[in-house]
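Data first, discussion second: the structure below is written as structure tokens.
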Amino acid sequence: MKQSRSCLNRADLLAVLELEQPAIAGFLAKQLRLEANQDDIIKRESISTGSGLSGTVDLETNWQPSPTQSQLNALFWVVERSEMRETTHNPAEPATSPLAVPQWRDRPSQKPKFYPLASPRYLLPRLFQHLKHQRHSREIDIQRIVKKVSKGEYLYHLPHRQRRSLGRHLHIIEDHHLHLVPYWLDQSLYTQVLQAHLPDYAYSHEVVQEGQSFIEATIPENSVVLVFSDLGALADQPYESISFWWQVGKVYERLGCKLIAITPCHAEACDKRLRKLFEIVSWQPTRHMAKTDKSTLRAQADKLLTLLAPVIRLEPALLRSVRLALAQHGFKFPIEVEAAVWQHVEVIEPSSVAATLNSDGRKQRLEQFKHYPDAVKQTVLDLIREWRAPLAEQVWYEEIMSLDEGSRALVPETDWQDAEGYIRYLDQQSELEYGLESNTRAWFKRMSKRLPEPAWNNPNVGECLQRITGRLYADKDLPYAIDPQVLKPSSLPERVLRIYQQGQQLTLGQVAHPFLKIGGRLADIKYRRGLLYVEAGAFKQTFRFAEDEPAFQVLCELPSEGELVLRTDAETLYLGQMEKPEWASEIGRDEFGVYGDLEVTKSIYISYGTSDKRLLDLLVKGLNSQRVFTISDGNLKQGDSISSFIELLNSLDVFILIVTNNTLSSDYVRSEIDRAIKSKIPILPILFDSAAKSFEPVAGVIHGDLVEWDGSVEDIRFKKLVKIIKEKQSKVTQRFRFIPAGSFMMGSPEDEEGRYDDEILNQVNLDKSFWLADTAVTQKLWQLVMGNNTSYFNDDERNPVEQTSWNDAQDFIKKLKVLLPNLYISLPTEAQWEYSCRAGTTTAFYFGSEISPNQVNYNDIQFPPNAHQRLYRKKTIPVKSLPPNSWGLYEMHGNIWEWCEDVYLEKLDRFSNFSNIERDGIQTSDNQEAYIVRGGSWYSDDRRTRSACRFFQKKDSQENFVGFRLCINQIEPAHLIKNISSNSYLSKKWSSKQIYEAMLKAYSDIEQGS
């Protein structure tokens, strides 16, 4: 790309080039003032002018589909409305009287109960059955003797009776791999039971830890080795465990030991090689257990974790209690699921005391938990509450604050009241100088990272939680997107933070930084504390920035749809995606923000016969698609004046004549042609195929080029027609700046130098965004619309038009509305003007408190020679000669006074919102209303060019230091809508004959000068 001038950020262009969208890339290159090389964009494509964006037309290549308006609009975000924080009172402010430390009044008195996997009454007999060996007793076995004698067998020795007894030695091994934590207590319990039945010399004990290498224990030969383990069957990664237990089994097998494994799973789940070494005994009867594959166990563990979502710490015994209790509700969880839960990816820090759950996963599971039946939730919550009795009450408080409203109703009301009281107590304590105790502070910081969003938005404790968090994280990143406006109002001075759009990223920076070019200005938002809340679709976060000098910071990716919310402790802005206004020929964003270009052209009139209405509609539709707008008698509607309509014909650029076989048979078409000839307006006949063969130009009537057309917009001849029209049509482009909704202090402080008494400070809220011309109306634009130039300083057509009264400005706007229908254009209100002039500043001028001729065209003759270089120009200068304000508006100070829409109001406190400005103001001595002018002029001193200075003129006053600039609103202001009189010149839709007769009368009146 070859650079000519920097404008919109190039990150936008790079993003589009990556998407291989050459049409959009061409549009962005134009916004960036870049010229596209063939290597960059292979095909030159057209961006549809139907979308309001003009592009290059290459008639030699095939037309490609143009990007849709939504594709282009996604690049531009603008402020739609603004809300200022009410600081008169703070209903959420903590009570001033000290609160007592609240206690958990209904703490459960009973200790929670542990449920072992199997009762000793069931398991011990089964264990002894495997542990006992057959041994000879001293008693003679009479039955065996009788049996042998009866068979006639010899008795070589007397047989002794056999009896079962424990082996010579029992070696117990407890497997303490981490995935078996839920069974550790069971292992310890039964180890103690076995030890109670054996003398000390008859057993030995060993515990195998996670990652431990096998160390052979010194035990007698032929001992019994009893292992409490799963032999690796329940481990997610079983290979190391299987290898470990294979090594153990082979070593003790060589010693002649009997190997027995007590497992929490079915025997078939164990490795088949280990099943040959060990006798497998399950904790529970085999008929109650089935081999479950690991994928099923993981799914069951996931469901069980969802049912345990309220807990912030999960004890193994609590897991067991909930698993067993849920059986009454139809949830059949096998004992193996406990190991699966402990190995779940969302279980962190799985210690033997309690595991901690991943906070993000827990928040999502809480959303699922609330959809379970109340009976199921009641069972779970009762067990959790029972297990919280021995712990600090903060654990239970946090868990019930995490619940949704429906689930919280299942908790005893007194528990919730105690939790509320405790949070209010912390809110009050954190505001004190000494703050919270270190332990409480540490717990709250941990809790703030775990709490789900409903807790922060809870009407009873949400604001307290956010205030405490704001105080504890005064110099750190916040764990939650707290609302800055819940904090106690700050006494810090009000500042302005600038938000930028850089590509598809939202960034912030410093307003006053002169060299900061980090993208297009998106919005200015007022703040006191260095906190900014951002909500972009599902993204929500509160950012901290330096209050004195905010550094550049990337906030987030802009969402593809929806609303964008920005909030500080002083203001809230709601932003939406820009929809290109119908009036704009081009939109873009530069370092000043979003702009739209309004192309003002002279009218193009189409004359047609009565029977050619279909051809008229076809032609108008085709021309509009190429942003060529036309008028005809079809534009006449109720309330229009025929006289003003005919006057408009005198300023036409092009007169188009639809020629068919019967065109010239219409008297009223002939009268229109005659008027065009007298006004020396170029006539462009369009010959439809049916008329082309027989049409003969009438001498002295038809002038200009002949264009044949078959009615197709794809026809090459139609493109030729558009080219001819655009060559003949005069055009002036006026750029408008998008002014976001917001609020500001209108007027000036009492200590401002040069202040007038009527500049009383008053906060004004502009709840609707609007567009303001970046310059005053130039003489070139005035002459195009009005056909004359009333200005005194007319040496340069770029000079602002002056010697225009308020009435003249209204006439200009009326004619502009005829050229551009449905355009809600007017003069700016006084509040709109000052808000735009200040551009977020509070100083006397938008550039500070000192003024110089390099910044303002004003009367500098009163200053002493040593103040600065004296320069009194004594005339207007071309627009855009001096630097603009930060919103891209030129010469808001000096050059010319600018008319405002409303009358002079002595009391500024009558301004509240733009939508309800009152129109009754003071009157001048000759009973004419005095209308506001703002900004000062080339003739004014520095005092009258200040942002807050207010002046007024008679509405018919014409001075060479007064002009105006234009404002476009989102909707037509109510006080600008004129009532249509019932006896209006046009009170109904007219027929062609009535229009013809009225036009003849109007022609006659104009010729006579009446």
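Just remember, in the structure tokens the first chain shown is A, the second B, etc., residues are 1-based per chain, and ligands are 1-based in the order shown.
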
Open item on the list: If we count only C-alpha atoms and set the cut-off at 8 Å, which residues sit around A:Ser229, ignoring sequence neighbours fewer than 5 positions away in its own chain? Please answer as JSON, numbers by chain.
Closed with: {"A": [174, 175, 180, 261, 262, 263, 264]}

Based on the selection just made, write N, CA, C and O atoms of those residues as an mmCIF file, in the first residue's frame.
data_model
loop_
_atom_site.group_PDB
_atom_site.id
_atom_site.type_symbol
_atom_site.label_atom_id
_atom_site.label_comp_id
_atom_site.auth_asym_id
_atom_site.auth_seq_id
_atom_site.Cartn_x
_atom_site.Cartn_y
_atom_site.Cartn_z
ATOM 1 N N GLU A 174 -1.789 -50.279 53.477
ATOM 2 C CA GLU A 174 -2.811 -49.283 53.086
ATOM 3 C C GLU A 174 -2.300 -48.513 51.870
ATOM 4 O O GLU A 174 -1.204 -47.964 51.880
ATOM 5 N N ASP A 175 -3.115 -48.459 50.839
ATOM 6 C CA ASP A 175 -2.765 -47.750 49.595
ATOM 7 C C ASP A 175 -3.276 -46.308 49.696
ATOM 8 O O ASP A 175 -4.484 -46.065 49.672
ATOM 9 N N LEU A 180 -7.439 -42.500 45.756
ATOM 10 C CA LEU A 180 -8.161 -43.332 46.729
ATOM 11 C C LEU A 180 -8.454 -42.592 48.026
ATOM 12 O O LEU A 180 -8.860 -43.207 49.013
ATOM 13 N N ALA A 261 -6.350 -58.797 48.450
ATOM 14 C CA ALA A 261 -6.610 -57.365 48.173
ATOM 15 C C ALA A 261 -8.075 -57.060 48.447
ATOM 16 O O ALA A 261 -8.970 -57.729 47.916
ATOM 17 N N ILE A 262 -8.308 -56.058 49.296
ATOM 18 C CA ILE A 262 -9.667 -55.555 49.560
ATOM 19 C C ILE A 262 -9.869 -54.345 48.654
ATOM 20 O O ILE A 262 -9.221 -53.312 48.834
ATOM 21 N N THR A 263 -10.737 -54.436 47.663
ATOM 22 C CA THR A 263 -10.873 -53.389 46.645
ATOM 23 C C THR A 263 -12.249 -52.739 46.690
ATOM 24 O O THR A 263 -13.246 -53.399 46.991
ATOM 25 N N PRO A 264 -12.318 -51.431 46.335
ATOM 26 C CA PRO A 264 -13.623 -50.740 46.237
ATOM 27 C C PRO A 264 -14.241 -50.897 44.856
ATOM 28 O O PRO A 264 -14.994 -50.016 44.417
#

- [ ] Show which residues sit within 12 Å of A:Pro390, as a list in words. Count only C-alpha atoms, and ignore same-chain residues fewer than 4 positions away.
- [x] Trp104, Arg107, Pro108, Ser109, Gln110, Lys111, Pro112, Ile384, Arg385, Glu386, Gln394, Val395 and Trp396 of chain A

For all heavy atoms, I'd like the residues from the last selection saved as a compact mmCIF listing (two decimals), in the first residue's frame.
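Now in result_13.txt:
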# COMPACT_ATOMS: atom_id res chain seq x y z
N TRP A 104 -23.68 -17.40 64.05
CA TRP A 104 -24.56 -18.39 63.42
C TRP A 104 -25.46 -18.94 64.54
O TRP A 104 -25.07 -19.79 65.32
CB TRP A 104 -23.71 -19.48 62.78
CG TRP A 104 -24.53 -20.48 62.00
CD1 TRP A 104 -25.86 -20.47 61.77
CD2 TRP A 104 -24.03 -21.66 61.36
NE1 TRP A 104 -26.25 -21.54 61.03
CE2 TRP A 104 -25.14 -22.30 60.75
CE3 TRP A 104 -22.78 -22.25 61.24
CZ2 TRP A 104 -25.02 -23.49 60.05
CZ3 TRP A 104 -22.66 -23.42 60.54
CH2 TRP A 104 -23.76 -24.04 59.94
N ARG A 107 -26.70 -23.00 64.53
CA ARG A 107 -25.66 -23.95 64.14
C ARG A 107 -26.07 -25.36 64.58
O ARG A 107 -26.47 -25.57 65.73
CB ARG A 107 -24.33 -23.58 64.78
CG ARG A 107 -23.16 -24.47 64.35
CD ARG A 107 -21.94 -24.20 65.22
NE ARG A 107 -21.44 -22.85 65.03
CZ ARG A 107 -20.48 -22.52 64.18
NH1 ARG A 107 -19.92 -23.47 63.45
NH2 ARG A 107 -20.08 -21.28 64.09
N PRO A 108 -26.00 -26.38 63.69
CA PRO A 108 -26.38 -27.75 64.08
C PRO A 108 -25.54 -28.22 65.27
O PRO A 108 -24.33 -28.01 65.33
CB PRO A 108 -26.09 -28.57 62.83
CG PRO A 108 -26.16 -27.59 61.71
CD PRO A 108 -25.65 -26.30 62.27
N SER A 109 -26.22 -28.88 66.22
CA SER A 109 -25.53 -29.33 67.44
C SER A 109 -24.95 -30.73 67.30
O SER A 109 -24.00 -31.10 68.00
CB SER A 109 -26.50 -29.30 68.63
OG SER A 109 -27.65 -30.09 68.34
N GLN A 110 -25.51 -31.56 66.40
CA GLN A 110 -25.03 -32.93 66.25
C GLN A 110 -23.83 -32.98 65.31
O GLN A 110 -23.76 -32.25 64.32
CB GLN A 110 -26.15 -33.81 65.68
CG GLN A 110 -27.32 -34.00 66.62
CD GLN A 110 -28.36 -34.94 66.04
OE1 GLN A 110 -28.30 -35.28 64.86
NE2 GLN A 110 -29.31 -35.37 66.86
N LYS A 111 -22.89 -33.86 65.66
CA LYS A 111 -21.73 -34.06 64.82
C LYS A 111 -22.14 -34.85 63.58
O LYS A 111 -22.97 -35.74 63.64
CB LYS A 111 -20.64 -34.82 65.58
CG LYS A 111 -20.04 -34.02 66.73
CD LYS A 111 -18.95 -34.82 67.42
CE LYS A 111 -17.81 -35.12 66.49
NZ LYS A 111 -16.69 -35.80 67.16
N PRO A 112 -21.55 -34.53 62.43
CA PRO A 112 -21.89 -35.28 61.21
C PRO A 112 -21.46 -36.73 61.34
O PRO A 112 -20.49 -37.06 62.01
CB PRO A 112 -21.12 -34.55 60.11
CG PRO A 112 -20.02 -33.85 60.81
CD PRO A 112 -20.55 -33.48 62.17
N ILE A 384 -24.93 -30.78 53.60
CA ILE A 384 -23.84 -29.80 53.60
C ILE A 384 -23.88 -28.99 54.90
O ILE A 384 -22.85 -28.76 55.54
CB ILE A 384 -23.94 -28.88 52.37
CG1 ILE A 384 -23.74 -29.68 51.08
CG2 ILE A 384 -22.90 -27.76 52.45
CD1 ILE A 384 -23.99 -28.88 49.81
N ARG A 385 -25.07 -28.53 55.26
CA ARG A 385 -25.21 -27.73 56.49
C ARG A 385 -24.76 -28.54 57.70
O ARG A 385 -24.10 -28.01 58.61
CB ARG A 385 -26.67 -27.31 56.64
CG ARG A 385 -26.96 -26.40 57.82
CD ARG A 385 -28.40 -25.91 57.75
NE ARG A 385 -28.68 -24.98 58.83
CZ ARG A 385 -29.15 -25.31 60.03
NH1 ARG A 385 -29.40 -26.60 60.30
NH2 ARG A 385 -29.38 -24.39 60.95
N GLU A 386 -25.10 -29.83 57.73
CA GLU A 386 -24.70 -30.69 58.85
C GLU A 386 -23.18 -30.79 58.96
O GLU A 386 -22.62 -30.76 60.05
CB GLU A 386 -25.32 -32.07 58.65
CG GLU A 386 -24.98 -33.08 59.73
CD GLU A 386 -25.57 -34.44 59.44
OE1 GLU A 386 -26.65 -34.49 58.77
OE2 GLU A 386 -24.98 -35.45 59.85
N GLN A 394 -18.12 -18.80 58.22
CA GLN A 394 -17.91 -18.17 56.91
C GLN A 394 -18.05 -19.16 55.76
O GLN A 394 -18.48 -18.80 54.66
CB GLN A 394 -16.52 -17.52 56.83
CG GLN A 394 -16.38 -16.29 57.70
CD GLN A 394 -15.75 -16.63 59.03
OE1 GLN A 394 -15.95 -17.73 59.54
NE2 GLN A 394 -15.00 -15.69 59.59
N VAL A 395 -17.70 -20.42 56.01
CA VAL A 395 -17.81 -21.44 54.96
C VAL A 395 -19.26 -21.62 54.53
O VAL A 395 -19.60 -21.61 53.34
CB VAL A 395 -17.21 -22.78 55.44
CG1 VAL A 395 -17.37 -23.85 54.36
CG2 VAL A 395 -15.75 -22.61 55.83
N TRP A 396 -20.14 -21.78 55.50
CA TRP A 396 -21.57 -21.96 55.21
C TRP A 396 -22.17 -20.69 54.62
O TRP A 396 -22.98 -20.75 53.71
CB TRP A 396 -22.29 -22.39 56.48
CG TRP A 396 -23.78 -22.55 56.35
CD1 TRP A 396 -24.73 -21.97 57.12
CD2 TRP A 396 -24.49 -23.38 55.42
NE1 TRP A 396 -25.98 -22.36 56.74
CE2 TRP A 396 -25.86 -23.25 55.69
CE3 TRP A 396 -24.10 -24.22 54.38
CZ2 TRP A 396 -26.85 -23.91 54.97
CZ3 TRP A 396 -25.08 -24.88 53.66
CH2 TRP A 396 -26.43 -24.72 53.95

TODO: May I ask which of the residues A:Asp483, A:Gln779, A:Phe961, A:Val496 is the closest one to A:Val534, counting only C-alpha atoms?
DONE: A:Asp483

Would you give me, as an mmCIF file with N, CA, C and O atoms, in the first residue's frame, the residues in stretch 764-819 of chain A that DSSP reads as alpha helix (DSSP H)?
data_model
loop_
_atom_site.group_PDB
_atom_site.id
_atom_site.type_symbol
_atom_site.label_atom_id
_atom_site.label_comp_id
_atom_site.auth_asym_id
_atom_site.auth_seq_id
_atom_site.Cartn_x
_atom_site.Cartn_y
_atom_site.Cartn_z
ATOM 1 N N GLN A 779 -19.603 29.462 1.768
ATOM 2 C CA GLN A 779 -20.269 30.207 0.697
ATOM 3 C C GLN A 779 -20.535 29.322 -0.510
ATOM 4 O O GLN A 779 -21.539 29.490 -1.213
ATOM 5 N N LYS A 780 -19.667 28.330 -0.726
ATOM 6 C CA LYS A 780 -19.863 27.400 -1.842
ATOM 7 C C LYS A 780 -21.126 26.582 -1.643
ATOM 8 O O LYS A 780 -21.919 26.404 -2.571
ATOM 9 N N LEU A 781 -21.335 26.086 -0.442
ATOM 10 C CA LEU A 781 -22.533 25.297 -0.162
ATOM 11 C C LEU A 781 -23.776 26.173 -0.212
ATOM 12 O O LEU A 781 -24.813 25.779 -0.746
ATOM 13 N N TRP A 782 -23.675 27.369 0.358
ATOM 14 C CA TRP A 782 -24.819 28.287 0.337
ATOM 15 C C TRP A 782 -25.229 28.599 -1.095
ATOM 16 O O TRP A 782 -26.409 28.570 -1.440
ATOM 17 N N GLN A 783 -24.260 28.875 -1.958
ATOM 18 C CA GLN A 783 -24.562 29.257 -3.327
ATOM 19 C C GLN A 783 -25.171 28.088 -4.098
ATOM 20 O O GLN A 783 -26.054 28.281 -4.939
ATOM 21 N N LEU A 784 -24.724 26.869 -3.794
ATOM 22 C CA LEU A 784 -25.277 25.709 -4.474
ATOM 23 C C LEU A 784 -26.757 25.548 -4.151
ATOM 24 O O LEU A 784 -27.567 25.261 -5.022
ATOM 25 N N VAL A 785 -27.116 25.752 -2.892
ATOM 26 C CA VAL A 785 -28.507 25.546 -2.466
ATOM 27 C C VAL A 785 -29.378 26.748 -2.781
ATOM 28 O O VAL A 785 -30.503 26.614 -3.277
ATOM 29 N N MET A 786 -28.863 27.945 -2.486
ATOM 30 C CA MET A 786 -29.696 29.147 -2.576
ATOM 31 C C MET A 786 -29.566 29.865 -3.910
ATOM 32 O O MET A 786 -30.428 30.676 -4.266
ATOM 33 N N TRP A 806 -31.234 34.527 11.160
ATOM 34 C CA TRP A 806 -31.777 33.239 11.612
ATOM 35 C C TRP A 806 -32.840 32.756 10.633
ATOM 36 O O TRP A 806 -32.920 31.571 10.327
ATOM 37 N N ASN A 807 -33.636 33.707 10.109
ATOM 38 C CA ASN A 807 -34.649 33.341 9.116
ATOM 39 C C ASN A 807 -34.004 32.817 7.843
ATOM 40 O O ASN A 807 -34.508 31.868 7.224
ATOM 41 N N ASP A 808 -32.886 33.454 7.425
ATOM 42 C CA ASP A 808 -32.187 32.981 6.228
ATOM 43 C C ASP A 808 -31.689 31.544 6.431
ATOM 44 O O ASP A 808 -31.748 30.721 5.505
ATOM 45 N N ALA A 809 -31.188 31.275 7.612
ATOM 46 C CA ALA A 809 -30.705 29.920 7.889
ATOM 47 C C ALA A 809 -31.843 28.908 7.801
ATOM 48 O O ALA A 809 -31.670 27.793 7.291
ATOM 49 N N GLN A 810 -33.034 29.296 8.282
ATOM 50 C CA GLN A 810 -34.175 28.399 8.190
ATOM 51 C C GLN A 810 -34.609 28.175 6.747
ATOM 52 O O GLN A 810 -34.989 27.059 6.363
ATOM 53 N N ASP A 811 -34.540 29.230 5.910
ATOM 54 C CA ASP A 811 -34.861 29.074 4.489
ATOM 55 C C ASP A 811 -33.869 28.126 3.822
ATOM 56 O O ASP A 811 -34.247 27.299 2.983
ATOM 57 N N PHE A 812 -32.606 28.279 4.178
ATOM 58 C CA PHE A 812 -31.573 27.384 3.631
ATOM 59 C C PHE A 812 -31.894 25.925 3.996
ATOM 60 O O PHE A 812 -31.808 25.032 3.150
ATOM 61 N N ILE A 813 -32.279 25.702 5.241
ATOM 62 C CA ILE A 813 -32.562 24.338 5.695
ATOM 63 C C ILE A 813 -33.786 23.777 4.984
ATOM 64 O O ILE A 813 -33.813 22.595 4.613
ATOM 65 N N LYS A 814 -34.788 24.625 4.757
ATOM 66 C CA LYS A 814 -35.987 24.159 4.049
ATOM 67 C C LYS A 814 -35.637 23.701 2.645
ATOM 68 O O LYS A 814 -36.108 22.651 2.179
ATOM 69 N N LYS A 815 -34.819 24.482 1.938
ATOM 70 C CA LYS A 815 -34.444 24.093 0.579
ATOM 71 C C LYS A 815 -33.573 22.850 0.588
ATOM 72 O O LYS A 815 -33.659 22.009 -0.312
ATOM 73 N N LEU A 816 -32.738 22.735 1.617
ATOM 74 C CA LEU A 816 -31.884 21.544 1.726
ATOM 75 C C LEU A 816 -32.740 20.302 1.948
ATOM 76 O O LEU A 816 -32.434 19.219 1.431
ATOM 77 N N LYS A 817 -33.822 20.453 2.685
ATOM 78 C CA LYS A 817 -34.706 19.309 2.926
ATOM 79 C C LYS A 817 -35.445 18.896 1.657
ATOM 80 O O LYS A 817 -35.792 17.714 1.500
ATOM 81 N N VAL A 818 -35.687 19.846 0.754
ATOM 82 C CA VAL A 818 -36.309 19.484 -0.518
ATOM 83 C C VAL A 818 -35.333 18.680 -1.354
ATOM 84 O O VAL A 818 -35.682 17.688 -1.994
ATOM 85 N N LEU A 819 -34.056 19.098 -1.350
ATOM 86 C CA LEU A 819 -33.042 18.353 -2.088
ATOM 87 C C LEU A 819 -32.776 16.994 -1.466
ATOM 88 O O LEU A 819 -32.469 16.030 -2.171
#
